Each structure stands twice: as structure tokens, then as C-alpha cells.
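A.B. asks: Here it is, the structure, as C-alpha cells.
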Amino acid sequence: MSDYIPYGRQHISQEDINAVVEVLRSDWITQGPAIERFEQAVANYCGAKYAIAVSSATAALHIACLAVGLGEGDHLWTSPNSFVASANCGLYCGAKVNFVDIDHHTYNLSIEELEHKLAWAEQQGCLPKVLIPVHFAGQCSEMEKIAALSQHYGFKVIEDASHAIGGKHQGEPIGNCKFSDITVFSFHPVKIITSGEGGMLLTNQEKLYQKLIRLRSHGITRNPELMEGEPHGSWYYQQLDLGFNYRMTDIQASLGISQMQRIDKFVERRRFLAERYNQMLQDLPLVLPWQHPDTMSSWHLYVMRLKLDKINKTHQQVFEEMRRDGIGVNLHYIPIHTQPYYQKLGFKLGDFPNTETYYQEAISIPIYYALTHNEQDQVVMAIKQTLLSEKNMS
Ligand SMILES: *Cc1c(COP(=O)(O)O)cnc(C)c1O
């Protein structure tokens, strides 16, 4: 039995290792044929027309914003209960970033708050150009309502589905872009599947696809049909946009392809573990994860909220005691607007009270494919011990 149980970790099989070794022995180690196979595998799985693999979800969010036309002076809105990358992408483009407070039940951005804020922004003349809903913990945001609002107010929608590959919305795979312009996945090792580092963009719009392909690699095209004037020869390429080097390697893609074979197993196991936590934790002074009936979460995270008025310890005490017991609890997320960098942009404590309250009560407990029942029991035991013991007994 391991003496430290992390909140999340990758699962690497012998097949994964073989797949990577095979690429290392081939002619291609940077962007080559494995990239296209990985893109095809994810596009097929999600039911999207196009997929573009990149070096990270952060890179994906950046070029997604550029591709939909976000620029200087525009506004981007997202959830304050996310990793900083969901908001930073707006700043990379010179846009102003703002947030929509979260829903008490799903911890995704609240549709009610969004409606109010849009009505206000219309009056003020500062409607967002881009909205980035974040599918927190793997549970899809209310995309149908978001799509209706985007039609009405004319903003673009980029789904930050970094947590959510393998999840479903209204019975269909997250990533099909039915209610958005672009969906972004992350393949960081703690996420559902991994390529070491990596990200992917999905879209159904050919124009966006062409633009994203160029932005991934220096803004360059080799396709004569997209060039201005005649190509000089077969060596010729043209730079049409200011792009980046955000390419994924074939080494990473081969790991990603191999992991895609087990994605349903990964998610099934996570759902099972979540259900088991729900059973075992139900009688404790905790708020357990609530699931919207339209969604089937991929369970990237399992977040419990402490009912602090029924516990004689502080949030921090519970957290530290569990860490001391060898349980790798974590906290998702520190509200983005409370980060010093965002405070300097003018945000204040109190701006998004639901998110701030959530932050004072939330703890992410271990959930990942290889977590055993034994280890899960250990986690539950540690929670019970912490919550039910007296303050000065431990
Ligand atoms: C992990 C994560 C990112 C960033 O992903 P990288 O692939 O590490 O760049 C962005 N948004 C959310 C919500 C994430 O959880």
C-alpha cells in the first residue's frame, strides 16, 4: 500500500510504453503522422468535424481566442472557479477579462448570473466577444442555454473542457461543439487521458480549423489555395498570420492515441469511485457533488464541501489533518479574481461571493483510475477521523 495517495494521477500501461517506443524508433518524433491519427481518434470519439492537437490546453485556449477574433479592447468572460489559464488567454490577446459567478450546485458558471450580467453589459456597451464556460470537475455547463444567449448577444463560445473528455451532455459526447464554436481539452497527466503535456481543439467550422492549423505553427501555410499570388516552387510557404510554435510531438501523440483506447474504462472507473464515495460519505457533515440531469461527468475531480457550522474545525484544519494522514487532498480552485495579478487589474475580494464561499469550504479528494478500494477506504477513514474527532484530540 502506498503511504501517500495523491488527488489524481496518470495511468500508464505497457501498451502506452510500447506505443511511445515505436515512435522513438520511427522517422518522425516531432509533428508527424501520429498527430493526425490522434486528432482523428479524438474527433471521431467526440463527433466533431475537425481536431487540432497542440502543446497544451493553455496554448489551445490562446489560439482559440485569436481564431474567433478576440483582440485589443474586446471583452472575455469566464468562470472565476477555474485554473488561471481559462482567463489568461484573454489577456494574451489584449482583451479585458471578467468573470461570471458560479452556481451553488454545479460550481459551473451560473446561467442566472450570466443573464443578468449580459443585460447589464448591453446597457453599458461592453458585451463580451467571447465566453469560456469551464466544465468544472468534468460536468458539462448548461450549453444549450449558453448557446441561446450567444445567439441573442452575438458572442463566441469556447468550451474549456480540460476536465471533461469522456463526459456527456444530453447523452452526446462533450467535444461535439453542438453548442459552441470551439472545445478545448487538456492532456496534462492529472486529467482524464494524458499525452505528458498536450491539448486539443475541436470545431465543426472549416474556417476556424484552417486558422487554428496556421496559428499552431508560425502562421505559415503550404497550401497553394490559401496563398496570396503564385507559389514560387515546391519549397514555398507563406506566413499569413502571426502564429506560434504550439505543436505537439509525435511522441506525445502516440501516448495520447494509446490512452484513447482506454478512455471509456477510465471514465467508468471514475464514475464508480464517485458513486462509492457518495455512498460512504452520505451521513457526514458534507455537501457532496450534485449532478445536473443533462450531464454525465467524466469525474476529473471529486469535490466535497464542508458544512462548517456542523464541524468544530476550520477548513484549513481539516485540510492539513488529511494531508498529515497521507491523503493528497487539494483545492480546486483559488478564485482567479483573488490572485495578486488579477487584483492589480482591479478585481476585489467580494466581487464573486458564491465562488469565494465555495473556496472556503471545498476540498478535492483522491479520484483516479488506479485508486483501489483499499485506498479509497483509507481516504474515507481519514475524513471521518478528521470530521468526527475533537479539535485537540488529534
Ligand atoms: C489543466 C487546465 C488547463 C490548462 O491545461 P494545460 O494542458 O496544463 O495547459 C486549463 N483549464 C483548466 C480548467 C484546467 O484544468
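Here's how to read the names in the C-alpha cells: chain A, B, ... by the order shown, residue numbers from 1 in each chain, ligand numbers from 1 in the order shown.
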Which residues sit within 8 Å of ligand 1, counting only C-alpha atoms and all ligand atoms, listed as a PyMOL selection string?

C.D. replies: chain A and resi 55-61+82-86+134-136+160-163+185-188+190-191+197-199

A.B. asks: Using only C-alpha atoms, determine which residues lie at most 9 Å from A:Ile192, disregarding the query and same-chain residues fewer than 3 positions distant; provide the list as a VMD selection string.

C.D. replies: chain A and resid 10 162 to 166 186 to 189 263 266 to 267 298 to 300 368 to 369

A.B. asks: Compile a residue-level contact table for stretch 228-304 of chain A against stretch 330-348 of chain A at a cut-off of 12 Å, reporting for every qualifying residue the shortest atom pair and its distance in Å to one decimal, with only C-alpha atoms counted, rows ordered by chain and ascending number, as CSV.

C.D. replies:
```
residue,atom,partner,partner_atom,distance
A:His300,CA,A:His332,CA,11.1
A:Leu301,CA,A:His332,CA,8.6
A:Tyr302,CA,A:His332,CA,9.9
A:Val303,CA,A:His332,CA,8.1
A:Met304,CA,A:Leu331,CA,10.1
```

A.B. asks: Keeping only N, CA, C and O atoms, write the selected residues to a file as a short mmCIF file (atom, residue, chain, number, x, y, z; two decimals), in the first residue's frame.

C.D. replies:
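Saved as again_14.cif:
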```
data_model
loop_
_atom_site.label_atom_id
_atom_site.label_comp_id
_atom_site.auth_asym_id
_atom_site.auth_seq_id
_atom_site.Cartn_x
_atom_site.Cartn_y
_atom_site.Cartn_z
N HIS A 300 -13.31 14.15 -13.34
CA HIS A 300 -11.92 14.53 -13.17
C HIS A 300 -11.63 14.81 -11.69
O HIS A 300 -10.56 14.48 -11.19
N LEU A 301 -12.60 15.45 -11.03
CA LEU A 301 -12.42 15.78 -9.61
C LEU A 301 -13.62 15.28 -8.81
O LEU A 301 -14.74 15.23 -9.34
N TYR A 302 -13.37 14.95 -7.56
CA TYR A 302 -14.46 14.73 -6.61
C TYR A 302 -14.28 15.76 -5.50
O TYR A 302 -13.32 15.70 -4.74
N VAL A 303 -15.19 16.73 -5.48
CA VAL A 303 -15.09 17.83 -4.51
C VAL A 303 -16.16 17.66 -3.44
O VAL A 303 -17.34 17.54 -3.75
N MET A 304 -15.73 17.65 -2.18
CA MET A 304 -16.69 17.69 -1.08
C MET A 304 -16.61 19.06 -0.43
O MET A 304 -15.56 19.69 -0.39
#
```

A.B. asks: Given the choices A:Phe244, A:Tyr358, A:Ala382, A:Gly219, which gets closest to A:Leu281 if the distance is worked out from only C-alpha atoms?

C.D. replies: A:Ala382

A.B. asks: From the list A:Arg270, A:His152, A:His292, A:Lys211, which residue is nearest A:Cys140 when using only C-alpha atoms?

C.D. replies: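 Of A:Arg270, A:His152, A:His292, A:Lys211, the one nearest A:Cys140 is A:His292, counting only C-alpha atoms.
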
A.B. asks: Going by DSSP on the backbone, which residues of stretch 33-84 of chain A come out as strand (DSSP E)? List them as a list of chain:residue names.

C.D. replies: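 Matching residues for strand (DSSP E) in stretch 33-84 of chain A are A:Tyr50, A:Ala51, A:Ile52, A:Ala53, A:Val54, A:His75, A:Leu76, A:Trp77, A:Thr78.
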